[in-house]
$ cat entry20.cif   # mmCIF, C-alpha atoms
data_query
loop_
_atom_site.group_PDB
_atom_site.id
_atom_site.type_symbol
_atom_site.label_atom_id
_atom_site.label_comp_id
_atom_site.auth_asym_id
_atom_site.auth_seq_id
_atom_site.Cartn_x
_atom_site.Cartn_y
_atom_site.Cartn_z
ATOM 1 C CA MET X 25 -22.983 20.030 10.893
ATOM 2 C CA GLY X 26 -23.413 22.268 7.876
ATOM 3 C CA PHE X 27 -20.789 23.151 5.350
ATOM 4 C CA GLU X 28 -20.164 26.585 6.934
ATOM 5 C CA ASP X 29 -19.209 24.996 10.250
ATOM 6 C CA TRP X 30 -17.019 22.510 8.447
ATOM 7 C CA ALA X 31 -15.273 25.231 6.420
ATOM 8 C CA ALA X 32 -14.734 27.381 9.503
ATOM 9 C CA GLU X 33 -12.260 24.813 10.860
ATOM 10 C CA PRO X 34 -8.780 25.507 9.416
ATOM 11 C CA LEU X 35 -7.661 21.880 9.743
ATOM 12 C CA ASN X 36 -10.368 20.867 7.290
ATOM 13 C CA TRP X 37 -8.738 22.942 4.574
ATOM 14 C CA VAL X 38 -5.437 21.244 5.293
ATOM 15 C CA PHE X 39 -7.246 17.938 4.988
ATOM 16 C CA LEU X 40 -8.821 19.006 1.709
ATOM 17 C CA ALA X 41 -5.467 19.952 0.191
ATOM 18 C CA VAL X 42 -3.790 16.738 1.370
ATOM 19 C CA ALA X 43 -6.713 14.583 0.262
ATOM 20 C CA LEU X 44 -6.721 16.187 -3.178
ATOM 21 C CA ALA X 45 -2.984 15.626 -3.613
ATOM 22 C CA THR X 46 -3.291 12.030 -2.401
ATOM 23 C CA THR X 47 -6.207 11.292 -4.706
ATOM 24 C CA ILE X 48 -4.523 12.758 -7.767
ATOM 25 C CA SER X 49 -1.286 10.882 -7.155
ATOM 26 C CA GLY X 50 -3.230 7.689 -6.422
ATOM 27 C CA LEU X 51 -5.036 8.119 -9.708
ATOM 28 C CA ARG X 52 -1.728 8.567 -11.504
ATOM 29 C CA VAL X 53 -0.380 5.391 -9.856
ATOM 30 C CA VAL X 54 -3.063 3.330 -11.569
ATOM 31 C CA THR X 55 -3.215 5.231 -14.880
ATOM 32 C CA SER X 56 0.357 6.288 -15.643
ATOM 33 C CA PRO X 57 1.734 4.413 -18.656
ATOM 34 C CA ASN X 58 5.274 4.639 -17.274
ATOM 35 C CA VAL X 59 6.143 2.142 -14.527
ATOM 36 C CA VAL X 60 8.758 4.367 -12.909
ATOM 37 C CA HIS X 61 6.354 7.313 -12.832
ATOM 38 C CA ALA X 62 3.720 5.085 -11.231
ATOM 39 C CA ALA X 63 6.167 4.097 -8.476
ATOM 40 C CA LEU X 64 7.143 7.729 -7.881
ATOM 41 C CA PHE X 65 3.496 8.795 -7.712
ATOM 42 C CA LEU X 66 3.026 6.061 -5.115
ATOM 43 C CA VAL X 67 5.640 7.933 -3.052
ATOM 44 C CA ALA X 68 3.457 11.059 -3.262
ATOM 45 C CA ALA X 69 0.326 9.105 -2.354
ATOM 46 C CA LEU X 70 2.054 7.538 0.660
ATOM 47 C CA ALA X 71 3.405 10.929 1.764
ATOM 48 C CA GLY X 72 -0.188 12.172 1.645
ATOM 49 C CA THR X 73 -1.233 9.196 3.750
ATOM 50 C CA ALA X 74 1.454 10.083 6.288
ATOM 51 C CA ALA X 75 0.129 13.657 6.378
ATOM 52 C CA ILE X 76 -3.369 12.280 7.041
ATOM 53 C CA PHE X 77 -1.905 10.267 9.914
ATOM 54 C CA LEU X 78 -0.410 13.471 11.315
ATOM 55 C CA LEU X 79 -3.840 15.123 11.127
ATOM 56 C CA LEU X 80 -5.235 12.160 13.075
ATOM 57 C CA ALA X 81 -2.585 12.576 15.802
ATOM 58 C CA ALA X 82 -0.740 9.367 14.910
ATOM 59 C CA GLU X 83 2.751 10.827 14.671
ATOM 60 C CA PHE X 84 4.696 7.637 15.290
ATOM 61 C CA LEU X 85 2.769 5.780 12.623
ATOM 62 C CA ALA X 86 3.257 8.626 10.145
ATOM 63 C CA TRP X 87 7.033 8.407 10.484
ATOM 64 C CA VAL X 88 6.960 4.616 10.392
ATOM 65 C CA LEU X 89 5.127 4.926 7.093
ATOM 66 C CA VAL X 90 7.690 7.391 5.754
ATOM 67 C CA LEU X 91 10.632 5.255 6.850
ATOM 68 C CA VAL X 92 9.327 1.839 5.846
ATOM 69 C CA TYR X 93 7.446 2.725 2.668
ATOM 70 C CA ILE X 94 9.126 5.747 1.189
ATOM 71 C CA GLY X 95 12.512 4.678 2.519
ATOM 72 C CA ALA X 96 12.567 0.958 1.855
ATOM 73 C CA VAL X 97 9.610 -0.414 -0.080
ATOM 74 C CA ILE X 98 9.821 2.117 -2.915
ATOM 75 C CA VAL X 99 13.534 1.432 -3.332
ATOM 76 C CA LEU X 100 12.656 -2.252 -3.615
ATOM 77 C CA PHE X 101 10.026 -1.405 -6.225
ATOM 78 C CA LEU X 102 12.384 0.715 -8.307
ATOM 79 C CA PHE X 103 14.922 -2.092 -8.116
ATOM 80 C CA GLY X 104 12.305 -4.587 -9.296
ATOM 81 C CA ILE X 105 11.216 -2.292 -12.124
ATOM 82 C CA MET X 106 14.763 -1.838 -13.339
ATOM 83 C CA ILE X 107 15.365 -5.568 -13.375
ATOM 84 C CA THR X 108 12.103 -6.596 -15.016
ATOM 85 C CA ARG X 109 12.330 -4.037 -17.834
ATOM 86 C CA ALA X 110 15.233 -5.608 -19.588
ATOM 87 C CA PRO X 111 16.169 -4.436 -23.116
ATOM 88 C CA THR X 112 13.886 -7.097 -24.579
ATOM 89 C CA GLY X 113 10.993 -5.388 -22.718
ATOM 90 C CA ARG X 114 7.838 -6.716 -24.233
ATOM 91 C CA ASP X 115 5.828 -4.891 -21.575
ATOM 92 C CA GLU X 116 6.685 -1.436 -22.784
ATOM 93 C CA ALA X 117 4.071 -1.289 -25.509
ATOM 94 C CA GLU X 118 0.997 -1.782 -23.389
ATOM 95 C CA VAL X 119 0.723 -1.616 -19.645
ATOM 96 C CA ASP X 120 -3.057 -1.759 -19.444
ATOM 97 C CA HIS X 121 -5.659 -4.283 -20.438
ATOM 98 C CA GLN X 122 -8.090 -3.613 -23.213
ATOM 99 C CA ARG X 123 -10.895 -4.148 -20.712
ATOM 100 C CA ARG X 124 -10.702 -0.826 -18.905
ATOM 101 C CA LEU X 125 -14.413 -0.094 -18.879
ATOM 102 C CA PRO X 126 -15.511 -3.173 -16.882
ATOM 103 C CA ALA X 127 -12.724 -2.499 -14.356
ATOM 104 C CA LEU X 128 -13.839 1.120 -14.075
ATOM 105 C CA LEU X 129 -17.432 -0.004 -13.559
ATOM 106 C CA VAL X 130 -16.444 -2.492 -10.866
ATOM 107 C CA SER X 131 -14.380 0.005 -8.897
ATOM 108 C CA ALA X 132 -16.978 2.789 -9.280
ATOM 109 C CA ALA X 133 -19.716 0.441 -8.078
ATOM 110 C CA LEU X 134 -17.540 -0.619 -5.131
ATOM 111 C CA PHE X 135 -16.899 3.024 -4.248
ATOM 112 C CA ALA X 136 -20.607 3.846 -4.457
ATOM 113 C CA LEU X 137 -21.446 0.887 -2.225
ATOM 114 C CA LEU X 138 -18.733 1.742 0.321
ATOM 115 C CA SER X 139 -19.588 5.430 0.525
ATOM 116 C CA TRP X 140 -23.310 4.647 0.785
ATOM 117 C CA GLY X 141 -22.588 2.308 3.685
ATOM 118 C CA LEU X 142 -20.242 4.780 5.377
ATOM 119 C CA LEU X 143 -22.637 7.712 4.995
ATOM 120 C CA SER X 144 -25.598 5.773 6.319
ATOM 121 C CA GLN X 145 -23.578 4.408 9.230
ATOM 122 C CA TRP X 146 -21.593 7.463 10.351
ATOM 123 C CA GLY X 147 -23.468 10.427 8.871
ATOM 124 C CA ASP X 148 -21.630 13.528 10.071
ATOM 125 C CA THR X 149 -20.202 12.133 13.290
ATOM 126 C CA THR X 150 -17.470 14.509 14.392
ATOM 127 C CA LEU X 151 -13.973 13.565 15.450
ATOM 128 C CA ASP X 152 -13.476 15.714 18.508
ATOM 129 C CA GLY X 153 -11.452 13.486 20.802
ATOM 130 C CA ILE X 154 -8.175 14.171 18.982
ATOM 131 C CA THR X 155 -5.598 15.386 21.480
ATOM 132 C CA ALA X 156 -2.116 16.715 20.859
ATOM 133 C CA GLY X 157 -0.895 13.290 19.819
ATOM 134 C CA THR X 158 -0.649 9.628 20.722
ATOM 135 C CA PRO X 159 2.304 9.121 23.061
ATOM 136 C CA THR X 160 4.736 6.603 21.622
ATOM 137 C CA SER X 161 4.943 4.989 25.051
ATOM 138 C CA VAL X 162 1.310 3.864 24.668
ATOM 139 C CA LEU X 163 2.199 2.103 21.411
ATOM 140 C CA ALA X 164 5.342 0.640 22.961
ATOM 141 C CA GLU X 165 3.454 -0.728 25.952
ATOM 142 C CA GLY X 166 0.882 -2.257 23.631
ATOM 143 C CA LEU X 167 3.452 -3.787 21.283
ATOM 144 C CA LEU X 168 5.671 -5.190 24.021
ATOM 145 C CA GLY X 169 2.906 -5.969 26.490
ATOM 146 C CA ARG X 170 -0.452 -7.240 25.372
ATOM 147 C CA PHE X 171 0.614 -7.779 21.762
ATOM 148 C CA VAL X 172 4.072 -9.174 22.379
ATOM 149 C CA PHE X 173 3.214 -12.552 20.854
ATOM 150 C CA PRO X 174 1.963 -11.130 17.509
ATOM 151 C CA PHE X 175 4.963 -8.813 17.588
ATOM 152 C CA GLU X 176 7.339 -11.788 17.788
ATOM 153 C CA VAL X 177 5.357 -13.658 15.137
ATOM 154 C CA VAL X 178 5.642 -10.668 12.796
ATOM 155 C CA GLY X 179 9.374 -10.592 13.427
ATOM 156 C CA PHE X 180 9.530 -14.263 12.482
ATOM 157 C CA VAL X 181 7.470 -13.594 9.342
ATOM 158 C CA LEU X 182 9.915 -10.869 8.329
ATOM 159 C CA LEU X 183 12.847 -13.225 8.813
ATOM 160 C CA ALA X 184 11.086 -15.932 6.814
ATOM 161 C CA ALA X 185 10.310 -13.409 4.052
ATOM 162 C CA LEU X 186 13.948 -12.324 3.987
ATOM 163 C CA VAL X 187 15.248 -15.880 3.692
ATOM 164 C CA GLY X 188 12.501 -16.827 1.246
ATOM 165 C CA GLY X 189 13.116 -13.792 -0.922
ATOM 166 C CA ILE X 190 16.805 -14.567 -1.188
ATOM 167 C CA THR X 191 16.130 -18.235 -1.898
ATOM 168 C CA ILE X 192 13.570 -17.502 -4.601
ATOM 169 C CA ALA X 193 15.460 -14.721 -6.347
ATOM 170 C CA ARG X 194 18.895 -16.359 -6.242
ATOM 171 C CA ARG X 195 20.073 -17.606 -9.590
ATOM 172 C CA ASP X 196 20.897 -21.292 -9.396
ATOM 173 C CA LEU X 197 23.945 -22.395 -11.310
ATOM 174 C CA SER X 198 23.401 -24.797 -14.160
ATOM 175 C CA PRO X 199 25.027 -28.248 -13.727
ATOM 176 C CA ALA X 200 27.752 -27.332 -16.228
ATOM 177 C CA GLU X 201 28.606 -24.134 -14.366
ATOM 178 C CA GLU X 202 28.640 -26.003 -11.084
ATOM 179 C CA ARG X 203 31.086 -28.584 -12.398
ATOM 180 C CA GLU X 204 33.283 -25.825 -13.754
ATOM 181 C CA ARG X 205 33.313 -24.105 -10.381
ATOM 182 C CA GLU X 206 34.202 -27.312 -8.567
ATOM 183 C CA SER X 207 37.055 -28.139 -10.921
ATOM 184 C CA ARG X 208 38.593 -24.747 -10.378
ATOM 185 C CA MET G 103 -13.225 17.288 11.274
ATOM 186 C CA ILE G 104 -15.849 14.660 10.683
ATOM 187 C CA LEU G 105 -15.079 10.961 10.665
ATOM 188 C CA ASN G 106 -16.535 10.320 7.236
ATOM 189 C CA GLN G 107 -14.123 12.566 5.358
ATOM 190 C CA PHE G 108 -11.286 10.214 6.305
ATOM 191 C CA LEU G 109 -13.255 7.036 5.717
ATOM 192 C CA ILE G 110 -14.431 8.155 2.282
ATOM 193 C CA LEU G 111 -10.911 9.182 1.274
ATOM 194 C CA ALA G 112 -9.807 5.681 2.301
ATOM 195 C CA ALA G 113 -12.643 4.144 0.276
ATOM 196 C CA LEU G 114 -11.592 6.215 -2.739
ATOM 197 C CA LEU G 115 -7.958 5.089 -2.457
ATOM 198 C CA PHE G 116 -9.080 1.482 -2.031
ATOM 199 C CA CYS G 117 -11.254 1.611 -5.146
ATOM 200 C CA MET G 118 -8.424 3.128 -7.167
ATOM 201 C CA GLY G 119 -6.299 0.203 -5.996
ATOM 202 C CA VAL G 120 -9.003 -2.226 -7.146
ATOM 203 C CA TYR G 121 -9.086 -0.530 -10.558
ATOM 204 C CA GLY G 122 -5.312 -0.778 -10.878
ATOM 205 C CA LEU G 123 -5.373 -4.409 -9.803
ATOM 206 C CA LEU G 124 -7.884 -5.251 -12.530
ATOM 207 C CA VAL G 125 -6.443 -3.176 -15.341
ATOM 208 C CA ARG G 126 -2.659 -3.472 -15.035
ATOM 209 C CA ARG G 127 -0.768 -6.137 -16.933
ATOM 210 C CA ASN G 128 2.723 -5.686 -15.533
ATOM 211 C CA ALA G 129 3.067 -7.656 -12.281
ATOM 212 C CA VAL G 130 5.095 -4.883 -10.613
ATOM 213 C CA MET G 131 2.281 -2.429 -11.263
ATOM 214 C CA VAL G 132 -0.234 -4.884 -9.811
ATOM 215 C CA LEU G 133 1.858 -4.870 -6.625
ATOM 216 C CA LEU G 134 1.854 -1.046 -6.641
ATOM 217 C CA SER G 135 -1.946 -1.120 -6.690
ATOM 218 C CA VAL G 136 -1.976 -3.538 -3.752
ATOM 219 C CA GLU G 137 0.179 -1.065 -1.808
ATOM 220 C CA LEU G 138 -2.399 1.645 -2.508
ATOM 221 C CA MET G 139 -5.141 -0.585 -1.083
ATOM 222 C CA LEU G 140 -3.087 -1.312 2.041
ATOM 223 C CA ALA G 141 -2.527 2.412 2.605
ATOM 224 C CA ALA G 142 -6.297 2.904 2.406
ATOM 225 C CA VAL G 143 -6.845 0.226 5.048
ATOM 226 C CA ASN G 144 -4.314 1.937 7.318
ATOM 227 C CA ILE G 145 -6.119 5.286 6.984
ATOM 228 C CA ASN G 146 -9.335 3.510 7.961
ATOM 229 C CA LEU G 147 -7.776 1.970 11.062
ATOM 230 C CA VAL G 148 -6.140 5.194 12.240
ATOM 231 C CA ALA G 149 -9.299 7.255 11.652
ATOM 232 C CA LEU G 150 -11.455 4.846 13.631
ATOM 233 C CA GLU G 151 -8.813 4.751 16.358
ATOM 234 C CA ALA G 152 -8.983 8.577 16.533
ATOM 235 C CA PHE G 153 -12.767 8.238 16.845
ATOM 236 C CA TRP G 154 -12.898 5.574 19.549
ATOM 237 C CA GLN G 155 -9.775 6.667 21.450
ATOM 238 C CA THR G 156 -9.018 3.252 22.924
ATOM 239 C CA SER G 157 -6.647 3.465 25.865
ATOM 240 C CA GLU G 158 -4.118 1.137 24.200
ATOM 241 C CA ALA G 159 -4.231 2.721 20.702
ATOM 242 C CA LEU G 160 -5.343 -0.620 19.260
ATOM 243 C CA GLY G 161 -6.003 0.713 15.776
ATOM 244 C CA GLN G 162 -2.511 2.143 15.455
ATOM 245 C CA ILE G 163 -0.936 -1.087 16.707
ATOM 246 C CA LEU G 164 -2.874 -3.037 14.086
ATOM 247 C CA ALA G 165 -1.684 -0.537 11.448
ATOM 248 C CA VAL G 166 1.936 -1.134 12.527
ATOM 249 C CA PHE G 167 1.412 -4.858 11.956
ATOM 250 C CA ILE G 168 -0.145 -4.220 8.545
ATOM 251 C CA ILE G 169 2.824 -2.058 7.491
ATOM 252 C CA THR G 170 5.237 -4.817 8.542
ATOM 253 C CA ILE G 171 3.349 -7.567 6.732
ATOM 254 C CA ALA G 172 3.097 -5.355 3.642
ATOM 255 C CA ALA G 173 6.879 -4.914 3.619
ATOM 256 C CA ALA G 174 7.341 -8.690 3.793
ATOM 257 C CA GLU G 175 4.751 -9.146 1.032
ATOM 258 C CA VAL G 176 6.548 -6.732 -1.277
ATOM 259 C CA GLY G 177 9.859 -8.507 -0.733
ATOM 260 C CA ILE G 178 8.454 -11.938 -1.523
ATOM 261 C CA GLY G 179 6.280 -10.640 -4.361
ATOM 262 C CA LEU G 180 9.177 -8.945 -6.119
ATOM 263 C CA ALA G 181 11.355 -12.028 -5.664
ATOM 264 C CA ILE G 182 8.669 -14.153 -7.330
ATOM 265 C CA ILE G 183 8.251 -11.623 -10.160
ATOM 266 C CA LEU G 184 12.022 -11.618 -10.644
ATOM 267 C CA LEU G 185 12.071 -15.408 -10.908
ATOM 268 C CA ILE G 186 9.152 -15.461 -13.361
ATOM 269 C CA PHE G 187 10.803 -12.747 -15.442
ATOM 270 C CA ARG G 188 14.021 -14.703 -15.543
ATOM 271 C CA ASN G 189 12.236 -17.830 -16.751
ATOM 272 C CA ARG G 190 9.678 -16.313 -19.136
ATOM 273 C CA ARG G 191 11.408 -13.045 -20.176
ATOM 274 C CA SER G 192 8.197 -11.213 -19.284
ATOM 275 C CA ALA G 193 6.446 -9.855 -16.216
ATOM 276 C CA ASN G 194 3.066 -9.748 -17.920
ATOM 277 C CA VAL G 195 0.387 -11.380 -15.790
ATOM 278 C CA ASP G 196 -1.656 -12.336 -18.872
ATOM 279 C CA GLU G 197 1.057 -14.630 -20.129
ATOM 280 C CA LEU G 198 1.432 -16.542 -16.875
ATOM 281 C CA ASN G 199 -0.653 -19.548 -17.798
ATOM 282 C CA LEU G 200 1.953 -22.036 -16.598
ATOM 283 C CA MET G 201 -0.232 -23.510 -13.843
ATOM 284 C CA ARG G 202 -3.539 -23.092 -15.595
ATOM 285 C CA TRP G 203 -4.602 -26.712 -15.827
#
$ encode --input "entry20.cif" --output "structure tokens"
Amino acid sequence: MGFEDWAAEPLNWVFLAVALATTISGLRVVTSPNVVHAALFLVAALAGTAAIFLLLAAEFLAWVLVLVYIGAVIVLFLFGIMITRAPTGRDEAEVDHQRRLPALLVSAALFALLSWGLLSQWGDTTLDGITAGTPTSVLAEGLLGRFVFPFEVVGFVLLAALVGGITIARRDLSPAEERERESR
Amino acid sequence: MILNQFLILAALLFCMGVYGLLVRRNAVMVLLSVELMLAAVNINLVALEAFWQTSEALGQILAVFIITIAAAEVGIGLAIILLIFRNRRSANVDELNLMRW
């Protein structure tokens, strides 16, 4: 498949725009010196991911991503950022290591290796089986049928994470404070 | 659309996550990079599901599980960072040498 054939398909241009936006916001997530900006660029990157899911006919998953990530996880992140940047904030001066070059080399080498493997394995295999969309009933039957046990286990993990998160983050009273509370 | 355009975008996002993981010093930003890597993995799964067209949409089901586990991971991770910050007055991963030896 040559480039002309590829460019003749309108969806590819949509992909190109979305991929560009996702890449730029992903880049800003890892380079932005401001923590809040990094979290907000992660929102953009995840919205791009959801758009990619829509292109791949995974509508349910796209909206799950929007709801769970952009709706809940990012709020959690912003909350965490606000708490861990107290007025004393020693982290404000420098958010990055001095050793940027080795990290850049490692990730560039990893990308070269991955794309070499992908190109040699898949070449220009086309994706032509994409239909109008994946019916949510297929996902529901999978989740509550064949995969019902992992589904329950994941529910248990979420409960454990909830309880564990509260237990870890709760501020324990010092013995003096506890005595004061009991005497009251 | 060819399969590789999605897989290479996912590889790119994953490598940016690796870079962020290595270069960031604030623990919250390290977690942000991990989220980027998980999003890349999800793109991979959904793209390969669109290629193979399994009758049960196995790739998408796996992606649902990954999203759920990632949400739990963020909750626990931020709770731990909060606790460390409260004890050390810093969320800098370089200074966390408490359990070094």
$ residues_near_point --input "entry20.cif" --point "(-16.6, -4.5, -9.8)" --cutoff "12 Å" --atoms "all atoms listed in the file" --output "ChimeraX atom specification"
/X:124-137 /G:117-125
$ atom_distance --input "entry20.cif" --atom1 "CA of Ala164 (chain X)" --atom2 "CA of Ala82 (chain X)"
13.3 Å
$ atom_distance --input "entry20.cif" --atom1 "CA of Ala69 (chain X)" --atom2 "CA of Gly50 (chain X)"
5.6 Å
$ axis_aligned_box --input "entry20.cif" --around "region 113-121 of chain G" --padding-each-side "4 Å" --output "JSON"
{"center_x": -9.5, "center_y": 2.0, "center_z": -5.1, "size_x": 14.3, "size_y": 16.4, "size_z": 18.8}
$ resolve_selection --input "entry20.cif" --expression "the PyMOL selection byres ((chain X and resi 52) around 10)" --output "list in words"
Thr46, Thr47, Ile48, Ser49, Gly50, Leu51, Val53, Val54, Thr55, Ser56, Pro57, Asn58, His61, Ala62, Ala63, Leu64, Phe65, Leu66 and Ala69 of chain X; Met118 of chain G
$ resolve_selection --input "entry20.cif" --expression "the PyMOL selection byres ((chain G and resi 182-187) around 8)" --output "VMD selection string"
(chain X and resid 104 107 to 108 189 192 to 193) or (chain G and resid 129 to 130 178 to 181 188 to 193)
$ closest_residue --input "entry20.cif" --among "G:Leu114, G:Ser157, G:Glu137, G:Glu151" --to "Ala173 (chain G)" --atoms "all atoms listed in the file"
G:Glu137
$ closest_residue --input "entry20.cif" --among "X:Phe39, X:Val187, X:Leu151, X:Ser198" --to "chain G" --atoms "all atoms listed in the file"
X:Leu151
$ resolve_selection --input "entry20.cif" --expression "the PyMOL selection byres ((chain X and resi 71) around 12)" --output "PyMOL selection string"
(chain X and resi 42-43+45-47+49-50+64-70+72-78+86-95+98) or (chain G and resi 138+141)
$ write_last_selection --input "entry20.cif" --atoms "C-alpha atoms" --output "PDB file, keeping the file's coordinate frame"
ATOM      1  CA  VAL X  42      -3.790  16.738   1.370  1.00  0.00           C
ATOM      2  CA  ALA X  43      -6.713  14.583   0.262  1.00  0.00           C
ATOM      3  CA  ALA X  45      -2.984  15.626  -3.613  1.00  0.00           C
ATOM      4  CA  THR X  46      -3.291  12.030  -2.401  1.00  0.00           C
ATOM      5  CA  THR X  47      -6.207  11.292  -4.706  1.00  0.00           C
ATOM      6  CA  SER X  49      -1.286  10.882  -7.155  1.00  0.00           C
ATOM      7  CA  GLY X  50      -3.230   7.689  -6.422  1.00  0.00           C
ATOM      8  CA  LEU X  64       7.143   7.729  -7.881  1.00  0.00           C
ATOM      9  CA  PHE X  65       3.496   8.795  -7.712  1.00  0.00           C
ATOM     10  CA  LEU X  66       3.026   6.061  -5.115  1.00  0.00           C
ATOM     11  CA  VAL X  67       5.640   7.933  -3.052  1.00  0.00           C
ATOM     12  CA  ALA X  68       3.457  11.059  -3.262  1.00  0.00           C
ATOM     13  CA  ALA X  69       0.326   9.105  -2.354  1.00  0.00           C
ATOM     14  CA  LEU X  70       2.054   7.538   0.660  1.00  0.00           C
ATOM     15  CA  GLY X  72      -0.188  12.172   1.645  1.00  0.00           C
ATOM     16  CA  THR X  73      -1.233   9.196   3.750  1.00  0.00           C
ATOM     17  CA  ALA X  74       1.454  10.083   6.288  1.00  0.00           C
ATOM     18  CA  ALA X  75       0.129  13.657   6.378  1.00  0.00           C
ATOM     19  CA  ILE X  76      -3.369  12.280   7.041  1.00  0.00           C
ATOM     20  CA  PHE X  77      -1.905  10.267   9.914  1.00  0.00           C
ATOM     21  CA  LEU X  78      -0.410  13.471  11.315  1.00  0.00           C
ATOM     22  CA  ALA X  86       3.257   8.626  10.145  1.00  0.00           C
ATOM     23  CA  TRP X  87       7.033   8.407  10.484  1.00  0.00           C
ATOM     24  CA  VAL X  88       6.960   4.616  10.392  1.00  0.00           C
ATOM     25  CA  LEU X  89       5.127   4.926   7.093  1.00  0.00           C
ATOM     26  CA  VAL X  90       7.690   7.391   5.754  1.00  0.00           C
ATOM     27  CA  LEU X  91      10.632   5.255   6.850  1.00  0.00           C
ATOM     28  CA  VAL X  92       9.327   1.839   5.846  1.00  0.00           C
ATOM     29  CA  TYR X  93       7.446   2.725   2.668  1.00  0.00           C
ATOM     30  CA  ILE X  94       9.126   5.747   1.189  1.00  0.00           C
ATOM     31  CA  GLY X  95      12.512   4.678   2.519  1.00  0.00           C
ATOM     32  CA  ILE X  98       9.821   2.117  -2.915  1.00  0.00           C
TER      33      ILE X  98
ATOM     34  CA  LEU G 138      -2.399   1.645  -2.508  1.00  0.00           C
ATOM     35  CA  ALA G 141      -2.527   2.412   2.605  1.00  0.00           C
TER      36      ALA G 141
END
$ atom_distance --input "entry20.cif" --atom1 "CA of Ala165 (chain G)" --atom2 "CA of Gly147 (chain X)"
24.5 Å
$ closest_residue --input "entry20.cif" --among "X:Leu182, X:Ala31, X:Val60, X:Val177" --to "chain G" --atoms "all atoms listed in the file"
X:Leu182
$ decode --input "entry20.cif" --residues "region 138-149 of chain X" --atoms "N, CA and C atoms" --output "tab-separated table (two decimals), in the first residue's frame"
chain	number	residue	atom	x	y	z
X	138	LEU	N	11.31	-1.13	19.21
X	138	LEU	CA	9.89	-1.50	19.09
X	138	LEU	C	9.39	-1.29	17.67
X	139	SER	N	9.75	-0.13	17.07
X	139	SER	CA	9.19	0.14	15.74
X	139	SER	C	9.85	-0.77	14.70
X	140	TRP	N	11.13	-1.13	14.92
X	140	TRP	CA	11.76	-2.09	14.01
X	140	TRP	C	11.03	-3.43	14.08
X	141	GLY	N	10.75	-3.87	15.31
X	141	GLY	CA	10.04	-5.15	15.45
X	141	GLY	C	8.66	-5.10	14.84
X	142	LEU	N	7.94	-3.99	15.10
X	142	LEU	CA	6.57	-3.88	14.57
X	142	LEU	C	6.57	-3.84	13.06
X	143	LEU	N	7.51	-3.06	12.48
X	143	LEU	CA	7.53	-2.93	11.02
X	143	LEU	C	7.90	-4.25	10.37
X	144	SER	N	8.84	-4.99	10.98
X	144	SER	CA	9.23	-6.24	10.34
X	144	SER	C	8.16	-7.30	10.53
X	145	GLN	N	7.37	-7.18	11.62
X	145	GLN	CA	6.33	-8.19	11.83
X	145	GLN	C	5.08	-7.89	11.01
X	146	TRP	N	4.60	-6.63	11.03
X	146	TRP	CA	3.30	-6.34	10.44
X	146	TRP	C	3.39	-5.68	9.08
X	147	GLY	N	4.53	-5.04	8.77
X	147	GLY	CA	4.65	-4.39	7.46
X	147	GLY	C	3.51	-3.41	7.24
X	148	ASP	N	2.80	-3.52	6.10
X	148	ASP	CA	1.65	-2.64	5.93
X	148	ASP	C	0.35	-3.45	5.88
X	149	THR	N	0.20	-4.34	6.84
X	149	THR	CA	-1.05	-5.07	7.00
X	149	THR	C	-2.19	-4.08	7.19
